[in-house]
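Trainee: Here you go, this is run.pdb (PDB, C-alpha atoms, pLDDT in the B column).
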```
ATOM      1  CA  ARG A   1      19.629 -43.978  25.862  1.00 60.00           C
ATOM      2  CA  HIS A   2      22.004 -41.692  24.007  1.00 67.00           C
ATOM      3  CA  GLN A   3      24.635 -44.378  23.451  1.00 73.00           C
ATOM      4  CA  LYS A   4      27.568 -43.830  21.108  1.00 78.00           C
ATOM      5  CA  ILE A   5      27.261 -45.757  17.875  1.00 85.00           C
ATOM      6  CA  ILE A   6      30.450 -44.533  16.212  1.00 89.00           C
ATOM      7  CA  GLU A   7      33.906 -44.401  17.763  1.00 89.00           C
ATOM      8  CA  GLU A   8      36.742 -42.803  15.825  1.00 90.00           C
ATOM      9  CA  CYS A   9      40.454 -42.739  16.547  1.00 90.00           C
ATOM     10  CA  PRO A  10      42.134 -40.389  16.276  1.00 89.00           C
ATOM     11  CA  SER A  11      39.416 -37.828  16.721  1.00 89.00           C
ATOM     12  CA  PRO A  12      39.404 -35.354  13.831  1.00 88.00           C
ATOM     13  CA  PHE A  13      38.665 -32.634  16.407  1.00 89.00           C
ATOM     14  CA  VAL A  14      41.727 -33.313  18.573  1.00 90.00           C
ATOM     15  CA  GLY A  15      44.883 -31.864  17.052  1.00 90.00           C
ATOM     16  CA  ASP A  16      48.457 -32.552  18.109  1.00 88.00           C
ATOM     17  CA  VAL A  17      48.609 -29.771  20.728  1.00 92.00           C
ATOM     18  CA  LEU A  18      45.345 -30.769  22.434  1.00 94.00           C
ATOM     19  CA  ARG A  19      46.250 -34.490  22.226  1.00 91.00           C
ATOM     20  CA  LYS A  20      49.605 -33.792  23.894  1.00 90.00           C
ATOM     21  CA  SER A  21      47.930 -31.792  26.660  1.00 94.00           C
ATOM     22  CA  LEU A  22      45.263 -34.457  27.280  1.00 94.00           C
ATOM     23  CA  THR A  23      47.927 -37.183  27.326  1.00 89.00           C
ATOM     24  CA  GLU A  24      50.092 -35.262  29.802  1.00 92.00           C
ATOM     25  CA  CYS A  25      47.101 -34.615  32.054  1.00 95.00           C
ATOM     26  CA  ALA A  26      45.997 -38.264  31.989  1.00 92.00           C
ATOM     27  CA  THR A  27      49.552 -39.495  32.586  1.00 89.00           C
ATOM     28  CA  LYS A  28      49.994 -37.128  35.535  1.00 94.00           C
ATOM     29  CA  LEU A  29      46.648 -38.169  37.028  1.00 95.00           C
ATOM     30  CA  LEU A  30      47.370 -41.893  36.808  1.00 91.00           C
ATOM     31  CA  GLY A  31      50.950 -41.412  37.958  1.00 91.00           C
ATOM     32  CA  SER A  32      49.718 -39.587  41.070  1.00 95.00           C
ATOM     33  CA  VAL A  33      48.038 -42.803  42.231  1.00 94.00           C
ATOM     34  CA  ASN A  34      50.802 -45.090  40.887  1.00 91.00           C
ATOM     35  CA  TYR A  35      48.374 -46.729  38.449  1.00 88.00           C
ATOM     36  CA  ARG A  36      50.277 -49.303  36.357  1.00 80.00           C
ATOM     37  CA  SER A  37      47.684 -51.070  34.231  1.00 80.00           C
ATOM     38  CA  LEU A  38      45.374 -50.509  31.300  1.00 82.00           C
ATOM     39  CA  GLY A  39      42.726 -47.838  31.672  1.00 84.00           C
ATOM     40  CA  THR A  40      40.980 -44.944  30.004  1.00 89.00           C
ATOM     41  CA  VAL A  41      40.930 -41.374  31.243  1.00 93.00           C
ATOM     42  CA  GLU A  42      37.935 -39.541  29.782  1.00 93.00           C
ATOM     43  CA  PHE A  43      37.545 -35.809  29.317  1.00 95.00           C
ATOM     44  CA  ILE A  44      34.827 -33.530  27.995  1.00 93.00           C
ATOM     45  CA  VAL A  45      36.202 -30.964  25.537  1.00 95.00           C
ATOM     46  CA  ASP A  46      34.590 -27.614  24.740  1.00 94.00           C
ATOM     47  CA  GLY A  47      34.282 -27.593  20.951  1.00 89.00           C
ATOM     48  CA  GLU A  48      34.782 -23.843  20.705  1.00 93.00           C
ATOM     49  CA  THR A  49      37.605 -23.196  23.159  1.00 94.00           C
ATOM     50  CA  SER A  50      39.300 -26.635  23.330  1.00 92.00           C
ATOM     51  CA  GLU A  51      39.162 -26.288  27.116  1.00 96.00           C
ATOM     52  CA  TYR A  52      38.823 -29.738  28.658  1.00 97.00           C
ATOM     53  CA  PHE A  53      37.440 -31.123  31.878  1.00 97.00           C
ATOM     54  CA  PHE A  54      38.091 -34.443  33.593  1.00 96.00           C
ATOM     55  CA  LEU A  55      35.134 -36.829  33.411  1.00 95.00           C
ATOM     56  CA  GLU A  56      36.166 -40.257  34.702  1.00 95.00           C
ATOM     57  CA  VAL A  57      38.727 -43.054  34.753  1.00 94.00           C
ATOM     58  CA  ASN A  58      37.760 -46.525  33.568  1.00 92.00           C
ATOM     59  CA  THR A  59      40.205 -49.058  34.988  1.00 89.00           C
ATOM     60  CA  ARG A  60      39.277 -51.763  32.522  1.00 87.00           C
ATOM     61  CA  LEU A  61      39.376 -52.645  28.868  1.00 86.00           C
ATOM     62  CA  GLN A  62      36.574 -50.803  27.095  1.00 86.00           C
ATOM     63  CA  VAL A  63      34.470 -51.984  24.175  1.00 83.00           C
ATOM     64  CA  GLU A  64      36.123 -49.276  22.036  1.00 86.00           C
ATOM     65  CA  HIS A  65      39.582 -50.795  22.522  1.00 89.00           C
ATOM     66  CA  GLY A  66      39.633 -52.075  18.933  1.00 90.00           C
ATOM     67  CA  VAL A  67      39.928 -48.602  17.427  1.00 91.00           C
ATOM     68  CA  THR A  68      42.810 -47.778  19.747  1.00 89.00           C
ATOM     69  CA  GLU A  69      44.581 -51.027  18.865  1.00 90.00           C
ATOM     70  CA  LEU A  70      44.274 -50.322  15.151  1.00 91.00           C
ATOM     71  CA  ALA A  71      45.205 -46.645  15.347  1.00 91.00           C
ATOM     72  CA  TYR A  72      48.267 -47.236  17.537  1.00 87.00           C
ATOM     73  CA  ASN A  73      49.219 -50.746  16.354  1.00 87.00           C
ATOM     74  CA  VAL A  74      49.200 -52.186  19.850  1.00 86.00           C
ATOM     75  CA  ASP A  75      47.613 -55.219  21.518  1.00 86.00           C
ATOM     76  CA  LEU A  76      45.843 -53.758  24.560  1.00 86.00           C
ATOM     77  CA  VAL A  77      44.730 -57.161  25.844  1.00 85.00           C
ATOM     78  CA  ALA A  78      48.360 -58.324  25.971  1.00 83.00           C
ATOM     79  CA  TRP A  79      49.249 -55.081  27.751  1.00 81.00           C
ATOM     80  CA  MET A  80      46.447 -55.568  30.241  1.00 79.00           C
ATOM     81  CA  PHE A  81      47.818 -58.981  31.176  1.00 79.00           C
ATOM     82  CA  GLY A  82      51.338 -57.617  31.518  1.00 73.00           C
ATOM     83  CA  PHE A  83      52.870 -59.159  28.410  1.00 64.00           C
ATOM     84  CA  HIS A  84      54.309 -55.777  27.350  1.00 62.00           C
ATOM     85  CA  GLU A  85      56.290 -53.223  29.284  1.00 63.00           C
ATOM     86  CA  MET A  86      54.173 -50.261  30.366  1.00 59.00           C
ATOM     87  CA  ASP A  87      57.172 -48.026  29.624  1.00 62.00           C
ATOM     88  CA  ARG A  88      56.450 -48.596  25.915  1.00 62.00           C
ATOM     89  CA  PHE A  89      53.497 -46.212  26.423  1.00 63.00           C
ATOM     90  CA  LYS A  90      55.844 -43.332  25.674  1.00 62.00           C
ATOM     91  CA  GLU A  91      56.076 -44.627  22.088  1.00 62.00           C
ATOM     92  CA  LEU A  92      52.313 -44.417  21.663  1.00 66.00           C
ATOM     93  CA  GLN A  93      51.783 -40.688  21.969  1.00 69.00           C
ATOM     94  CA  LYS A  94      50.670 -40.212  18.359  1.00 78.00           C
ATOM     95  CA  PRO A  95      48.373 -42.462  16.301  1.00 85.00           C
ATOM     96  CA  ILE A  96      49.924 -44.070  13.219  1.00 88.00           C
ATOM     97  CA  ALA A  97      46.635 -45.016  11.500  1.00 89.00           C
ATOM     98  CA  HIS A  98      42.922 -44.196  11.524  1.00 91.00           C
ATOM     99  CA  ALA A  99      40.089 -46.466  12.695  1.00 92.00           C
ATOM    100  CA  ILE A 100      36.316 -46.233  13.004  1.00 91.00           C
ATOM    101  CA  GLU A 101      34.111 -48.562  15.032  1.00 90.00           C
ATOM    102  CA  THR A 102      30.376 -48.837  14.581  1.00 87.00           C
ATOM    103  CA  ARG A 103      27.869 -50.518  16.847  1.00 84.00           C
ATOM    104  CA  VAL A 104      24.628 -52.044  15.735  1.00 80.00           C
ATOM    105  CA  TYR A 105      21.609 -51.617  17.961  1.00 82.00           C
ATOM    106  CA  CYS A 106      18.345 -53.522  17.746  1.00 84.00           C
ATOM    107  CA  GLU A 107      15.931 -50.653  18.166  1.00 86.00           C
ATOM    108  CA  ASP A 108      12.628 -49.665  16.642  1.00 87.00           C
ATOM    109  CA  PRO A 109      12.897 -46.135  15.203  1.00 86.00           C
ATOM    110  CA  SER A 110       9.121 -45.978  14.724  1.00 92.00           C
ATOM    111  CA  ASN A 111       8.616 -46.624  18.460  1.00 92.00           C
ATOM    112  CA  ASN A 112      10.879 -43.983  20.024  1.00 90.00           C
ATOM    113  CA  PHE A 113      13.941 -46.210  19.465  1.00 86.00           C
ATOM    114  CA  LEU A 114      12.875 -48.691  22.126  1.00 89.00           C
ATOM    115  CA  PRO A 115      14.726 -52.018  22.144  1.00 88.00           C
ATOM    116  CA  ALA A 116      13.374 -54.439  19.561  1.00 89.00           C
ATOM    117  CA  PRO A 117      14.373 -58.017  20.383  1.00 90.00           C
ATOM    118  CA  GLY A 118      14.169 -60.757  17.788  1.00 90.00           C
ATOM    119  CA  ILE A 119      16.088 -63.174  15.591  1.00 92.00           C
ATOM    120  CA  LEU A 120      18.653 -61.878  13.112  1.00 91.00           C
ATOM    121  CA  THR A 121      17.487 -63.010   9.682  1.00 91.00           C
ATOM    122  CA  GLU A 122      20.290 -61.464   7.660  1.00 91.00           C
ATOM    123  CA  VAL A 123      23.910 -60.851   8.710  1.00 92.00           C
ATOM    124  CA  PHE A 124      26.788 -59.752   6.512  1.00 91.00           C
ATOM    125  CA  PHE A 125      30.317 -58.669   7.424  1.00 91.00           C
ATOM    126  CA  PRO A 126      33.208 -57.656   5.174  1.00 90.00           C
ATOM    127  CA  SER A 127      36.058 -60.108   4.755  1.00 90.00           C
ATOM    128  CA  PRO A 128      38.782 -59.994   7.445  1.00 86.00           C
ATOM    129  CA  ASP A 129      41.353 -58.677   4.960  1.00 89.00           C
ATOM    130  CA  VAL A 130      39.188 -55.553   4.472  1.00 88.00           C
ATOM    131  CA  ALA A 131      38.029 -54.815   8.031  1.00 88.00           C
ATOM    132  CA  ARG A 132      38.425 -56.043  11.586  1.00 88.00           C
ATOM    133  CA  VAL A 133      35.132 -57.449  12.867  1.00 88.00           C
ATOM    134  CA  ASP A 134      34.702 -58.100  16.594  1.00 87.00           C
ATOM    135  CA  THR A 135      31.291 -59.671  17.067  1.00 88.00           C
ATOM    136  CA  TRP A 136      29.316 -62.385  18.731  1.00 88.00           C
ATOM    137  CA  ILE A 137      26.363 -62.389  16.330  1.00 90.00           C
ATOM    138  CA  ARG A 138      25.641 -64.526  13.281  1.00 92.00           C
ATOM    139  CA  LEU A 139      22.643 -65.510  11.202  1.00 94.00           C
ATOM    140  CA  GLY A 140      19.933 -66.819  13.526  1.00 95.00           C
ATOM    141  CA  THR A 141      21.249 -65.147  16.690  1.00 94.00           C
ATOM    142  CA  GLU A 142      18.405 -64.215  19.038  1.00 93.00           C
ATOM    143  CA  VAL A 143      18.700 -60.707  20.457  1.00 88.00           C
ATOM    144  CA  THR A 144      16.850 -60.412  23.762  1.00 85.00           C
TER     145      THR A 144
END
```
Mind turning this structure into structure tokens?
Mentor:
Amino acid sequence: RHQKIIEECPSPFVGDVLRKSLTECATKLLGSVNYRSLGTVEFIVDGETSEYFFLEVNTRLQVEHGVTELAYNVDLVAWMFGFHEMDRFKELQKPIAHAIETRVYCEDPSNNFLPAPGILTEVFFPSPDVARVDTWIRLGTEVT
């Protein structure tokens, strides 16, 4: 399945120069089609040369939006619904904090990481004053 389990913002690999270039490219792309809503422009970056290549545009809120909100101190859901001016985007060119998101998968590592449904018998999250927790699970949740 090769799904991401950790999302980090800002990326420790992407420095200021590369971030500025990626941002300018994404802004130019979306401006060329007069796109005026929330979305994500994704690139693949060569780790040795920092050369980047366009991958896709997601014109929706993504599951990783929490790390962006924390790193840039912005409410993307409010933006998506038009409660903030899109022109404020210019203020958000550089992250002001650091955030990491982790995902929990119910897989069986002894069986080639195939899905392993069942009932959650133990669930613990840090207190809200220590970490943001976006979840739908709790003790007794059945994962199918």
Trainee: Using the chain letters and numbers from the file, which residues does the PyMOL selection byres ((chain A and resi 48-51) around 10) grab, as a list in words?
Mentor: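 Matching residues under the PyMOL selection byres ((chain A and resi 48-51) around 10) are Phe13, Val14, Gly15, Leu18, Phe43, Ile44, Val45, Asp46, Gly47, Tyr52 and Phe53 of chain A.
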Trainee: Could you tell me how far CA of Val104 (chain A) sits from CA of Ile5 (chain A), in Å to one decimal place?
Mentor: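 It comes out at 7.1 Å.
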Trainee: Which residues fall under the PyMOL selection byres ((chain A and resi 56-70) around 10) in this file, as a PyMOL selection string?
Mentor: chain A and resi 6-10+26+29-30+35+37-44+53-55+71-77+80+95-103+132-134
Trainee: Between A:Gly82, A:Lys94, A:Asn112, A:Thr141, which residue has the minimum interatomic distance to Ser11 (chain A), considering all atoms listed in the file?
Mentor: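 Looking only at the distances to Ser11 (chain A), the closest residue turns out to be A:Lys94.
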Trainee: Quick check, in Å to one decimal: how far apart do CA of Leu139 (chain A) and CA of Phe124 (chain A) lie?
Mentor: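 Atom-to-atom, CA of Leu139 (chain A) to CA of Phe124 (chain A), that is 8.5 Å.
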Trainee: Take CA of Trp79 (chain A) and CA of Asp129 (chain A) and report the distance between them in Å, one decimal.
Mentor: 24.4 Å
Trainee: Report as lines of an AutoDock Vina configuration file the centre and the edge lengths, in Å to one decimal, of the axis-aligned box holding every listed atom of region 42-45 of chain A, padded by 5 Å on each side.
Mentor:
```
center_x = 36.4
center_y = -35.3
center_z = 27.7
size_x = 13.1
size_y = 18.6
size_z = 14.2
```
